[in-house]
Amino acid sequence: MKRILTYGTFDLLHWGHIRLLKRAKELGDYLIVALSADEFNEIKGKKAYHPYEERKMMLEAIRYVDLVIPEYVWEQKRVDILKYQADILVMGDDWEGKFDDLRDICEVVYLPRTEGISTSKIKHDLENTDL
Ligand code: C2G
């Protein structure tokens, strides 16, 4: 039973997020998503459109996702990996190298980001549409 762990805000859920989750799940058997709490998004300088509970509910509806846990601080990854016995930490490659310090307790895999879609692109495009 290979356990995968990934982190993110997953706001305005889009196909780039889904592709990441799909590929992460394909690396193992059980996918845990540590979802950024609203308080942590403030630390990240992000203002999510959907509050945590709604973002959590949407992720739980995705076939690739087996468990959603909260992410409150940057530094919880090591504890999470040990607590949930994660074999692989998976992140999009915009994080390339950033979590290599965790390679002593799990594999770390950076997957290519999906081009052409992002939460900020959605917001920008909507702001510039004469709806
Ligand atoms: N992602 C992707 N392709 C996109 C957009 C996002 O592959 N077009 C990936 C990101 O690389 C990340 C995941 O989807 O692995 C979630 O993206 P965000 O919600 O933007 O997460 P982020 O703000 O990067 O939070 O502690 C780590 C942070 O919580 C990561």
# chains A, B, ... in the order shown; residues from 1 in each chain; ligands from 1

call {"tool": "residues_around", "arguments": {"residues": "region 6-19 of chain A", "least_positions_apart": "6", "cutoff": "8 Å", "atoms": "only C-alpha atoms", "output": "list in words"}}
result
Leu31, Ile32, Val33, Ala34, Leu35, Ser36, Ala37, Asn41, Ala48, Tyr49, His50, Arg55, Met58, Glu71, Leu89, Val90, Met91, Arg113, Thr114, Glu115, Ile117, Ser118 and Thr119 of chain A

call {"tool": "residues_around", "arguments": {"residues": "Cys106 (chain A)", "least_positions_apart": "5", "cutoff": "12 Å", "atoms": "only C-alpha atoms", "output": "NGL selection string"}}
result
:A and (2-5 or 77-82 or 84-90 or 99-101)

call {"tool": "atom_distance", "arguments": {"atom1": "CA of Leu20 (chain A)", "atom2": "atom 12 (C, counted along the ligand's line) of ligand 1"}}
result
7.1 Å

call {"tool": "closest_residue", "arguments": {"among": "A:Lys25, A:Val73, A:Val68, A:Glu60", "to": "Lys44 (chain A)", "atoms": "only C-alpha atoms"}}
result
A:Val73

call {"tool": "closest_residue", "arguments": {"among": "A:Ser120, A:Tyr64, A:Pro112, A:Asp93", "to": "Leu27 (chain A)", "atoms": "only C-alpha atoms"}}
result
A:Tyr64

call {"tool": "select_by_dssp", "arguments": {"residues": "chain A", "states": "strand (DSSP E or B)", "output": "list of chain:residue names"}}
result
A:Arg3, A:Ile4, A:Leu5, A:Thr6, A:Tyr7, A:Gly8, A:Tyr30, A:Leu31, A:Ile32, A:Val33, A:Ala34, A:Leu35, A:Ser36, A:Leu67, A:Val68, A:Ile69, A:Pro70, A:Glu71, A:Ile88, A:Leu89, A:Val90, A:Met91, A:Gly92, A:Glu107, A:Val108, A:Val109, A:Tyr110, A:Leu111

call {"tool": "atom_distance", "arguments": {"atom1": "CA of Asp38 (chain A)", "atom2": "CA of Pro51 (chain A)"}}
result
6.5 Å

call {"tool": "closest_residue", "arguments": {"among": "A:Phe40, A:Glu107, A:Ala24, A:Asp94", "to": "Gln76 (chain A)", "atoms": "only C-alpha atoms"}}
result
A:Phe40

call {"tool": "closest_residue", "arguments": {"among": "A:Glu54, A:Lys83, A:Leu111, A:Gly116", "to": "Trp95 (chain A)", "atoms": "only C-alpha atoms"}}
result
A:Leu111

call {"tool": "select_by_dssp", "arguments": {"residues": "region 19-109 of chain A", "states": "alpha helix (DSSP H)", "output": "JSON list (two decimals) with all heavy atoms, in the first residue's frame"}}
result
[["chain", "number", "residue", "atom", "x", "y", "z"],
["A", 19, "ARG", "N", -5.54, 17.14, -12.90],
["A", 19, "ARG", "CA", -4.44, 16.39, -13.54],
["A", 19, "ARG", "C", -3.33, 16.09, -12.52],
["A", 19, "ARG", "O", -2.72, 15.03, -12.54],
["A", 19, "ARG", "CB", -3.87, 17.18, -14.73],
["A", 19, "ARG", "CG", -4.72, 17.12, -15.98],
["A", 19, "ARG", "CD", -3.96, 17.67, -17.20],
["A", 19, "ARG", "NE", -2.89, 16.75, -17.62],
["A", 19, "ARG", "CZ", -1.59, 17.02, -17.54],
["A", 19, "ARG", "NH1", -1.18, 18.14, -16.98],
["A", 19, "ARG", "NH2", -0.70, 16.14, -17.94],
["A", 20, "LEU", "N", -3.06, 17.04, -11.63],
["A", 20, "LEU", "CA", -2.03, 16.83, -10.61],
["A", 20, "LEU", "C", -2.47, 15.68, -9.69],
["A", 20, "LEU", "O", -1.69, 14.76, -9.43],
["A", 20, "LEU", "CB", -1.83, 18.13, -9.81],
["A", 20, "LEU", "CG", -0.74, 18.26, -8.75],
["A", 20, "LEU", "CD1", -1.06, 17.52, -7.47],
["A", 20, "LEU", "CD2", 0.63, 17.83, -9.28],
["A", 21, "LEU", "N", -3.72, 15.74, -9.25],
["A", 21, "LEU", "CA", -4.21, 14.71, -8.32],
["A", 21, "LEU", "C", -4.25, 13.34, -8.99],
["A", 21, "LEU", "O", -3.92, 12.33, -8.38],
["A", 21, "LEU", "CB", -5.60, 15.12, -7.81],
["A", 21, "LEU", "CG", -5.61, 16.40, -6.97],
["A", 21, "LEU", "CD1", -7.06, 16.87, -6.74],
["A", 21, "LEU", "CD2", -4.90, 16.19, -5.63],
["A", 22, "LYS", "N", -4.63, 13.34, -10.27],
["A", 22, "LYS", "CA", -4.70, 12.07, -11.02],
["A", 22, "LYS", "C", -3.32, 11.44, -11.11],
["A", 22, "LYS", "O", -3.12, 10.25, -10.83],
["A", 22, "LYS", "CB", -5.28, 12.32, -12.42],
["A", 22, "LYS", "CG", -5.43, 11.07, -13.29],
["A", 22, "LYS", "CD", -6.11, 11.43, -14.62],
["A", 22, "LYS", "CE", -6.50, 10.20, -15.42],
["A", 22, "LYS", "NZ", -5.36, 9.35, -15.80],
["A", 23, "ARG", "N", -2.33, 12.25, -11.51],
["A", 23, "ARG", "CA", -0.96, 11.73, -11.67],
["A", 23, "ARG", "C", -0.38, 11.33, -10.32],
["A", 23, "ARG", "O", 0.33, 10.32, -10.20],
["A", 23, "ARG", "CB", -0.09, 12.76, -12.39],
["A", 23, "ARG", "CG", -0.37, 12.89, -13.88],
["A", 23, "ARG", "CD", 0.41, 14.03, -14.52],
["A", 23, "ARG", "NE", -0.06, 15.32, -14.03],
["A", 23, "ARG", "CZ", 0.70, 16.43, -14.03],
["A", 23, "ARG", "NH1", 1.94, 16.40, -14.49],
["A", 23, "ARG", "NH2", 0.20, 17.56, -13.59],
["A", 24, "ALA", "N", -0.71, 12.10, -9.27],
["A", 24, "ALA", "CA", -0.21, 11.75, -7.93],
["A", 24, "ALA", "C", -0.76, 10.38, -7.52],
["A", 24, "ALA", "O", -0.02, 9.50, -7.06],
["A", 24, "ALA", "CB", -0.61, 12.82, -6.93],
["A", 25, "LYS", "N", -2.05, 10.18, -7.74],
["A", 25, "LYS", "CA", -2.67, 8.90, -7.35],
["A", 25, "LYS", "C", -2.06, 7.74, -8.11],
["A", 25, "LYS", "O", -1.92, 6.63, -7.59],
["A", 25, "LYS", "CB", -4.18, 8.98, -7.60],
["A", 25, "LYS", "CG", -4.97, 7.74, -7.18],
["A", 25, "LYS", "CD", -4.81, 7.40, -5.70],
["A", 25, "LYS", "CE", -5.67, 6.24, -5.23],
["A", 25, "LYS", "NZ", -7.09, 6.57, -5.10],
["A", 26, "GLU", "N", -1.72, 7.99, -9.38],
["A", 26, "GLU", "CA", -1.14, 6.93, -10.22],
["A", 26, "GLU", "C", 0.20, 6.45, -9.70],
["A", 26, "GLU", "O", 0.67, 5.37, -10.04],
["A", 26, "GLU", "CB", -1.02, 7.42, -11.68],
["A", 26, "GLU", "CG", -2.36, 7.47, -12.41],
["A", 26, "GLU", "CD", -2.32, 8.28, -13.70],
["A", 26, "GLU", "OE1", -1.26, 8.90, -14.01],
["A", 26, "GLU", "OE2", -3.35, 8.31, -14.41],
["A", 38, "ASP", "N", -7.74, 28.35, 5.71],
["A", 38, "ASP", "CA", -7.87, 29.77, 5.38],
["A", 38, "ASP", "C", -6.80, 30.59, 6.08],
["A", 38, "ASP", "O", -6.21, 31.51, 5.51],
["A", 38, "ASP", "CB", -9.27, 30.26, 5.75],
["A", 38, "ASP", "CG", -10.36, 29.55, 4.93],
["A", 38, "ASP", "OD1", -10.06, 29.16, 3.77],
["A", 38, "ASP", "OD2", -11.47, 29.34, 5.45],
["A", 39, "GLU", "N", -6.50, 30.21, 7.34],
["A", 39, "GLU", "CA", -5.47, 30.95, 8.08],
["A", 39, "GLU", "C", -4.11, 30.79, 7.40],
["A", 39, "GLU", "O", -3.32, 31.73, 7.33],
["A", 39, "GLU", "CB", -5.37, 30.43, 9.52],
["A", 39, "GLU", "CG", -6.67, 30.47, 10.31],
["A", 39, "GLU", "CD", -7.55, 29.24, 10.10],
["A", 39, "GLU", "OE1", -7.46, 28.59, 9.01],
["A", 39, "GLU", "OE2", -8.36, 28.94, 11.00],
["A", 40, "PHE", "N", -3.83, 29.60, 6.87],
["A", 40, "PHE", "CA", -2.53, 29.39, 6.22],
["A", 40, "PHE", "C", -2.47, 30.13, 4.90],
["A", 40, "PHE", "O", -1.42, 30.64, 4.50],
["A", 40, "PHE", "CB", -2.26, 27.89, 6.02],
["A", 40, "PHE", "CG", -0.92, 27.60, 5.40],
["A", 40, "PHE", "CD1", 0.24, 28.13, 5.95],
["A", 40, "PHE", "CD2", -0.82, 26.82, 4.26],
["A", 40, "PHE", "CE1", 1.48, 27.87, 5.38],
["A", 40, "PHE", "CE2", 0.41, 26.56, 3.68],
["A", 40, "PHE", "CZ", 1.56, 27.09, 4.23],
["A", 41, "ASN", "N", -3.59, 30.24, 4.22],
["A", 41, "ASN", "CA", -3.59, 31.00, 2.97],
["A", 41, "ASN", "C", -3.19, 32.44, 3.21],
["A", 41, "ASN", "O", -2.49, 33.07, 2.41],
["A", 41, "ASN", "CB", -4.97, 30.94, 2.30],
["A", 41, "ASN", "CG", -5.17, 29.66, 1.52],
["A", 41, "ASN", "OD1", -4.22, 29.11, 0.96],
["A", 41, "ASN", "ND2", -6.39, 29.16, 1.51],
["A", 42, "GLU", "N", -3.58, 32.97, 4.38],
["A", 42, "GLU", "CA", -3.16, 34.34, 4.72],
["A", 42, "GLU", "C", -1.63, 34.39, 4.81],
["A", 42, "GLU", "O", -0.99, 35.29, 4.29],
["A", 42, "GLU", "CB", -3.79, 34.77, 6.04],
["A", 42, "GLU", "CG", -5.21, 35.32, 5.88],
["A", 42, "GLU", "CD", -5.88, 35.60, 7.22],
["A", 42, "GLU", "OE1", -5.23, 36.24, 8.08],
["A", 42, "GLU", "OE2", -7.03, 35.15, 7.40],
["A", 43, "ILE", "N", -1.06, 33.37, 5.45],
["A", 43, "ILE", "CA", 0.42, 33.31, 5.55],
["A", 43, "ILE", "C", 1.03, 33.21, 4.14],
["A", 43, "ILE", "O", 2.04, 33.83, 3.83],
["A", 43, "ILE", "CB", 0.86, 32.09, 6.41],
["A", 43, "ILE", "CG1", 0.34, 32.21, 7.84],
["A", 43, "ILE", "CG2", 2.38, 31.89, 6.37],
["A", 43, "ILE", "CD1", 0.56, 30.97, 8.69],
["A", 44, "LYS", "N", 0.36, 32.46, 3.25],
["A", 44, "LYS", "CA", 0.85, 32.31, 1.88],
["A", 44, "LYS", "C", 0.57, 33.55, 1.04],
["A", 44, "LYS", "O", 0.95, 33.65, -0.12],
["A", 44, "LYS", "CB", 0.21, 31.11, 1.20],
["A", 44, "LYS", "CG", 0.69, 29.78, 1.67],
["A", 44, "LYS", "CD", 0.46, 28.68, 0.63],
["A", 44, "LYS", "CE", -0.95, 28.19, 0.57],
["A", 44, "LYS", "NZ", -1.09, 26.98, -0.26],
["A", 52, "TYR", "N", -12.35, 27.03, 3.41],
["A", 52, "TYR", "CA", -11.76, 25.70, 3.57],
["A", 52, "TYR", "C", -12.80, 24.58, 3.44],
["A", 52, "TYR", "O", -12.59, 23.61, 2.70],
["A", 52, "TYR", "CB", -11.07, 25.60, 4.94],
["A", 52, "TYR", "CG", -10.50, 24.22, 5.22],
["A", 52, "TYR", "CD1", -9.28, 23.83, 4.68],
["A", 52, "TYR", "CD2", -11.21, 23.30, 5.99],
["A", 52, "TYR", "CE1", -8.75, 22.57, 4.93],
["A", 52, "TYR", "CE2", -10.70, 22.03, 6.23],
["A", 52, "TYR", "CZ", -9.48, 21.67, 5.69],
["A", 52, "TYR", "OH", -8.99, 20.42, 5.91],
["A", 53, "GLU", "N", -13.91, 24.68, 4.16],
["A", 53, "GLU", "CA", -14.89, 23.59, 4.18],
["A", 53, "GLU", "C", -15.41, 23.27, 2.78],
["A", 53, "GLU", "O", -15.61, 22.11, 2.43],
["A", 53, "GLU", "CB", -16.06, 23.92, 5.12],
["A", 53, "GLU", "CG", -15.72, 23.72, 6.59],
["A", 53, "GLU", "CD", -15.12, 22.35, 6.89],
["A", 53, "GLU", "OE1", -15.62, 21.32, 6.35],
["A", 53, "GLU", "OE2", -14.11, 22.28, 7.63],
["A", 54, "GLU", "N", -15.61, 24.31, 1.97],
["A", 54, "GLU", "CA", -16.10, 24.07, 0.60],
["A", 54, "GLU", "C", -14.99, 23.48, -0.27],
["A", 54, "GLU", "O", -15.23, 22.57, -1.06],
["A", 54, "GLU", "CB", -16.62, 25.38, -0.01],
["A", 54, "GLU", "CG", -18.04, 25.72, 0.40],
["A", 54, "GLU", "CD", -18.14, 26.15, 1.87],
["A", 54, "GLU", "OE1", -17.13, 26.64, 2.40],
["A", 54, "GLU", "OE2", -19.21, 25.95, 2.47],
["A", 55, "ARG", "N", -13.76, 23.97, -0.07],
["A", 55, "ARG", "CA", -12.64, 23.42, -0.86],
["A", 55, "ARG", "C", -12.43, 21.95, -0.47],
["A", 55, "ARG", "O", -12.18, 21.09, -1.34],
["A", 55, "ARG", "CB", -11.38, 24.25, -0.65],
["A", 55, "ARG", "CG", -11.47, 25.63, -1.30],
["A", 55, "ARG", "CD", -10.18, 26.42, -1.14],
["A", 55, "ARG", "NE", -10.04, 27.00, 0.19],
["A", 55, "ARG", "CZ", -9.07, 26.69, 1.02],
["A", 55, "ARG", "NH1", -8.13, 25.83, 0.68],
["A", 55, "ARG", "NH2", -9.02, 27.25, 2.23],
["A", 56, "LYS", "N", -12.61, 21.66, 0.80],
["A", 56, "LYS", "CA", -12.44, 20.28, 1.30],
["A", 56, "LYS", "C", -13.51, 19.37, 0.70],
["A", 56, "LYS", "O", -13.23, 18.29, 0.20],
["A", 56, "LYS", "CB", -12.52, 20.28, 2.82],
["A", 56, "LYS", "CG", -12.42, 18.90, 3.47],
["A", 56, "LYS", "CD", -12.34, 19.03, 4.98],
["A", 56, "LYS", "CE", -12.10, 17.71, 5.68],
["A", 56, "LYS", "NZ", -13.32, 16.87, 5.80],
["A", 57, "MET", "N", -14.74, 19.85, 0.71],
["A", 57, "MET", "CA", -15.86, 19.04, 0.19],
["A", 57, "MET", "C", -15.65, 18.72, -1.29],
["A", 57, "MET", "O", -15.91, 17.59, -1.75],
["A", 57, "MET", "CB", -17.16, 19.82, 0.42],
["A", 57, "MET", "CG", -18.38, 19.11, -0.03],
["A", 57, "MET", "SD", -18.84, 19.72, -1.66],
["A", 57, "MET", "CE", -20.08, 20.89, -1.18],
["A", 58, "MET", "N", -15.15, 19.72, -2.03],
["A", 58, "MET", "CA", -14.94, 19.49, -3.48],
["A", 58, "MET", "C", -13.83, 18.46, -3.70],
["A", 58, "MET", "O", -13.97, 17.55, -4.52],
["A", 58, "MET", "CB", -14.61, 20.82, -4.16],
["A", 58, "MET", "CG", -15.82, 21.75, -4.20],
["A", 58, "MET", "SD", -15.41, 23.43, -4.71],
["A", 58, "MET", "CE", -15.25, 23.24, -6.45],
["A", 59, "LEU", "N", -12.75, 18.57, -2.92],
["A", 59, "LEU", "CA", -11.65, 17.60, -3.08],
["A", 59, "LEU", "C", -12.11, 16.19, -2.72],
["A", 59, "LEU", "O", -11.75, 15.22, -3.39],
["A", 59, "LEU", "CB", -10.47, 17.99, -2.20],
["A", 59, "LEU", "CG", -9.58, 19.12, -2.72],
["A", 59, "LEU", "CD1", -8.48, 19.41, -1.71],
["A", 59, "LEU", "CD2", -8.97, 18.78, -4.07],
["A", 60, "GLU", "N", -12.95, 16.09, -1.69],
["A", 60, "GLU", "CA", -13.41, 14.76, -1.25],
["A", 60, "GLU", "C", -14.30, 14.10, -2.30],
["A", 60, "GLU", "O", -14.51, 12.89, -2.27],
["A", 60, "GLU", "CB", -14.16, 14.88, 0.09],
["A", 60, "GLU", "CG", -13.22, 15.16, 1.25],
["A", 60, "GLU", "CD", -13.94, 15.46, 2.55],
["A", 60, "GLU", "OE1", -15.13, 15.87, 2.50],
["A", 60, "GLU", "OE2", -13.31, 15.29, 3.61],
["A", 77, "LYS", "N", 5.00, 19.40, 7.25],
["A", 77, "LYS", "CA", 5.15, 18.31, 6.27],
["A", 77, "LYS", "C", 5.88, 17.09, 6.88],
["A", 77, "LYS", "O", 5.45, 15.96, 6.73],
["A", 77, "LYS", "CB", 5.88, 18.79, 5.03],
["A", 77, "LYS", "CG", 5.08, 19.82, 4.23],
["A", 77, "LYS", "CD", 5.74, 20.21, 2.94],
["A", 77, "LYS", "CE", 4.85, 21.17, 2.15],
["A", 77, "LYS", "NZ", 4.64, 22.45, 2.85],
["A", 78, "ARG", "N", 6.97, 17.35, 7.58],
["A", 78, "ARG", "CA", 7.74, 16.23, 8.14],
["A", 78, "ARG", "C", 6.88, 15.40, 9.11],
["A", 78, "ARG", "O", 6.83, 14.17, 9.04],
["A", 78, "ARG", "CB", 9.01, 16.74, 8.82],
["A", 78, "ARG", "CG", 9.93, 15.66, 9.36],
["A", 78, "ARG", "CD", 11.29, 16.21, 9.75],
["A", 78, "ARG", "NE", 12.07, 16.60, 8.59],
["A", 78, "ARG", "CZ", 12.89, 15.79, 7.93],
["A", 78, "ARG", "NH1", 12.97, 14.52, 8.29],
["A", 78, "ARG", "NH2", 13.59, 16.21, 6.90],
["A", 79, "VAL", "N", 6.15, 16.11, 9.95],
["A", 79, "VAL", "CA", 5.26, 15.43, 10.92],
["A", 79, "VAL", "C", 4.18, 14.66, 10.17],
["A", 79, "VAL", "O", 3.89, 13.50, 10.47],
["A", 79, "VAL", "CB", 4.63, 16.46, 11.88],
["A", 79, "VAL", "CG1", 3.52, 15.84, 12.70],
["A", 79, "VAL", "CG2", 5.69, 17.07, 12.76],
["A", 80, "ASP", "N", 3.58, 15.30, 9.16],
["A", 80, "ASP", "CA", 2.52, 14.64, 8.38],
["A", 80, "ASP", "C", 3.03, 13.37, 7.70],
["A", 80, "ASP", "O", 2.36, 12.34, 7.71],
["A", 80, "ASP", "CB", 1.99, 15.58, 7.28],
["A", 80, "ASP", "CG", 1.20, 16.76, 7.83],
["A", 80, "ASP", "OD1", 0.82, 16.73, 9.01],
["A", 80, "ASP", "OD2", 0.99, 17.72, 7.08],
["A", 81, "ILE", "N", 4.21, 13.45, 7.11],
["A", 81, "ILE", "CA", 4.77, 12.30, 6.39],
["A", 81, "ILE", "C", 4.92, 11.11, 7.34],
["A", 81, "ILE", "O", 4.55, 9.98, 7.02],
["A", 81, "ILE", "CB", 6.13, 12.67, 5.74],
["A", 81, "ILE", "CG1", 5.91, 13.64, 4.58],
["A", 81, "ILE", "CG2", 6.90, 11.42, 5.30],
["A", 81, "ILE", "CD1", 7.17, 14.37, 4.15],
["A", 82, "LEU", "N", 5.40, 11.40, 8.55],
["A", 82, "LEU", "CA", 5.59, 10.32, 9.54],
["A", 82, "LEU", "C", 4.24, 9.85, 10.08],
["A", 82, "LEU", "O", 3.93, 8.67, 10.13],
["A", 82, "LEU", "CB", 6.50, 10.81, 10.67],
["A", 82, "LEU", "CG", 7.93, 11.17, 10.22],
["A", 82, "LEU", "CD1", 8.71, 11.83, 11.35],
["A", 82, "LEU", "CD2", 8.65, 9.95, 9.68],
["A", 83, "LYS", "N", 3.38, 10.81, 10.40],
["A", 83, "LYS", "CA", 2.07, 10.47, 11.00],
["A", 83, "LYS", "C", 1.22, 9.64, 10.04],
["A", 83, "LYS", "O", 0.59, 8.66, 10.43],
["A", 83, "LYS", "CB", 1.34, 11.77, 11.35],
["A", 83, "LYS", "CG", -0.05, 11.60, 11.94],
["A", 83, "LYS", "CD", -0.61, 12.96, 12.33],
["A", 83, "LYS", "CE", -2.05, 12.85, 12.81],
["A", 83, "LYS", "NZ", -2.64, 14.18, 13.08]]

call {"tool": "closest_residue", "arguments": {"among": "A:Ile105, A:Met1, A:Ile69, A:Leu126", "to": "ligand 1", "atoms": "only C-alpha atoms and all ligand atoms"}}
result
A:Ile69

call {"tool": "closest_residue", "arguments": {"among": "A:Glu127, A:Gly92, A:Tyr110, A:Ile122", "to": "ligand 1", "atoms": "only C-alpha atoms and all ligand atoms"}}
result
A:Gly92

call {"tool": "decode", "arguments": {"residues": "region 26-108 of chain A", "atoms": "C-alpha atoms", "output": "mmCIF file, in the first residue's frame"}}
result
data_model
loop_
_atom_site.group_PDB
_atom_site.id
_atom_site.type_symbol
_atom_site.label_atom_id
_atom_site.label_comp_id
_atom_site.auth_asym_id
_atom_site.auth_seq_id
_atom_site.Cartn_x
_atom_site.Cartn_y
_atom_site.Cartn_z
ATOM 1 C CA GLU A 26 -1.145 6.930 -10.222
ATOM 2 C CA LEU A 27 2.121 6.825 -8.248
ATOM 3 C CA GLY A 28 0.502 4.755 -5.481
ATOM 4 C CA ASP A 29 -2.674 3.430 -3.903
ATOM 5 C CA TYR A 30 -3.836 6.046 -1.403
ATOM 6 C CA LEU A 31 -3.764 9.826 -1.864
ATOM 7 C CA ILE A 32 -3.839 12.247 1.043
ATOM 8 C CA VAL A 33 -4.341 15.932 0.259
ATOM 9 C CA ALA A 34 -3.215 18.417 2.901
ATOM 10 C CA LEU A 35 -5.483 21.336 2.097
ATOM 11 C CA SER A 36 -4.386 24.844 3.054
ATOM 12 C CA ALA A 37 -6.561 26.229 5.848
ATOM 13 C CA ASP A 38 -7.871 29.771 5.375
ATOM 14 C CA GLU A 39 -5.475 30.953 8.082
ATOM 15 C CA PHE A 40 -2.526 29.385 6.218
ATOM 16 C CA ASN A 41 -3.588 31.004 2.965
ATOM 17 C CA GLU A 42 -3.157 34.341 4.719
ATOM 18 C CA ILE A 43 0.419 33.308 5.545
ATOM 19 C CA LYS A 44 0.855 32.313 1.877
ATOM 20 C CA GLY A 45 -0.559 35.695 0.845
ATOM 21 C CA LYS A 46 -3.463 33.992 -0.900
ATOM 22 C CA LYS A 47 -7.138 34.888 -0.526
ATOM 23 C CA ALA A 48 -9.135 31.821 -1.547
ATOM 24 C CA TYR A 49 -12.534 32.430 -3.148
ATOM 25 C CA HIS A 50 -13.941 29.283 -1.461
ATOM 26 C CA PRO A 51 -13.509 28.802 2.287
ATOM 27 C CA TYR A 52 -11.756 25.696 3.571
ATOM 28 C CA GLU A 53 -14.895 23.593 4.180
ATOM 29 C CA GLU A 54 -16.095 24.073 0.603
ATOM 30 C CA ARG A 55 -12.645 23.415 -0.863
ATOM 31 C CA LYS A 56 -12.441 20.282 1.296
ATOM 32 C CA MET A 57 -15.856 19.037 0.191
ATOM 33 C CA MET A 58 -14.938 19.490 -3.477
ATOM 34 C CA LEU A 59 -11.653 17.602 -3.078
ATOM 35 C CA GLU A 60 -13.413 14.757 -1.246
ATOM 36 C CA ALA A 61 -15.672 14.367 -4.299
ATOM 37 C CA ILE A 62 -12.696 13.602 -6.548
ATOM 38 C CA ARG A 63 -12.207 9.904 -7.281
ATOM 39 C CA TYR A 64 -8.406 10.162 -6.888
ATOM 40 C CA VAL A 65 -8.559 11.616 -3.373
ATOM 41 C CA ASP A 66 -8.783 9.282 -0.371
ATOM 42 C CA LEU A 67 -8.296 11.679 2.553
ATOM 43 C CA VAL A 68 -8.209 15.448 3.056
ATOM 44 C CA ILE A 69 -6.360 16.889 6.055
ATOM 45 C CA PRO A 70 -5.720 20.563 6.927
ATOM 46 C CA GLU A 71 -2.459 22.377 6.262
ATOM 47 C CA TYR A 72 -1.817 25.075 8.851
ATOM 48 C CA VAL A 73 1.939 25.788 8.601
ATOM 49 C CA TRP A 74 4.822 25.226 6.163
ATOM 50 C CA GLU A 75 6.679 23.158 8.733
ATOM 51 C CA GLN A 76 4.093 20.416 9.260
ATOM 52 C CA LYS A 77 5.151 18.306 6.273
ATOM 53 C CA ARG A 78 7.738 16.227 8.137
ATOM 54 C CA VAL A 79 5.264 15.427 10.918
ATOM 55 C CA ASP A 80 2.522 14.645 8.378
ATOM 56 C CA ILE A 81 4.773 12.298 6.385
ATOM 57 C CA LEU A 82 5.589 10.323 9.537
ATOM 58 C CA LYS A 83 2.074 10.471 10.998
ATOM 59 C CA TYR A 84 0.380 9.329 7.762
ATOM 60 C CA GLN A 85 3.278 7.063 6.733
ATOM 61 C CA ALA A 86 3.523 8.731 3.345
ATOM 62 C CA ASP A 87 5.871 7.022 0.886
ATOM 63 C CA ILE A 88 5.912 9.845 -1.647
ATOM 64 C CA LEU A 89 5.475 13.610 -1.342
ATOM 65 C CA VAL A 90 4.161 14.925 -4.674
ATOM 66 C CA MET A 91 4.041 18.579 -5.730
ATOM 67 C CA GLY A 92 3.824 20.503 -8.986
ATOM 68 C CA ASP A 93 7.234 21.483 -10.344
ATOM 69 C CA ASP A 94 6.735 25.151 -9.484
ATOM 70 C CA TRP A 95 7.971 23.757 -6.146
ATOM 71 C CA GLU A 96 10.962 21.994 -7.746
ATOM 72 C CA GLY A 97 13.660 21.432 -5.121
ATOM 73 C CA LYS A 98 11.786 23.178 -2.318
ATOM 74 C CA PHE A 99 11.005 19.998 -0.373
ATOM 75 C CA ASP A 100 14.175 17.986 -1.071
ATOM 76 C CA ASP A 101 15.084 18.199 2.627
ATOM 77 C CA LEU A 102 12.340 15.602 3.201
ATOM 78 C CA ARG A 103 14.086 13.007 1.023
ATOM 79 C CA ASP A 104 15.470 11.372 4.176
ATOM 80 C CA ILE A 105 11.979 10.111 5.106
ATOM 81 C CA CYS A 106 10.141 9.761 1.791
ATOM 82 C CA GLU A 107 10.451 10.031 -1.967
ATOM 83 C CA VAL A 108 9.835 13.543 -3.304
#
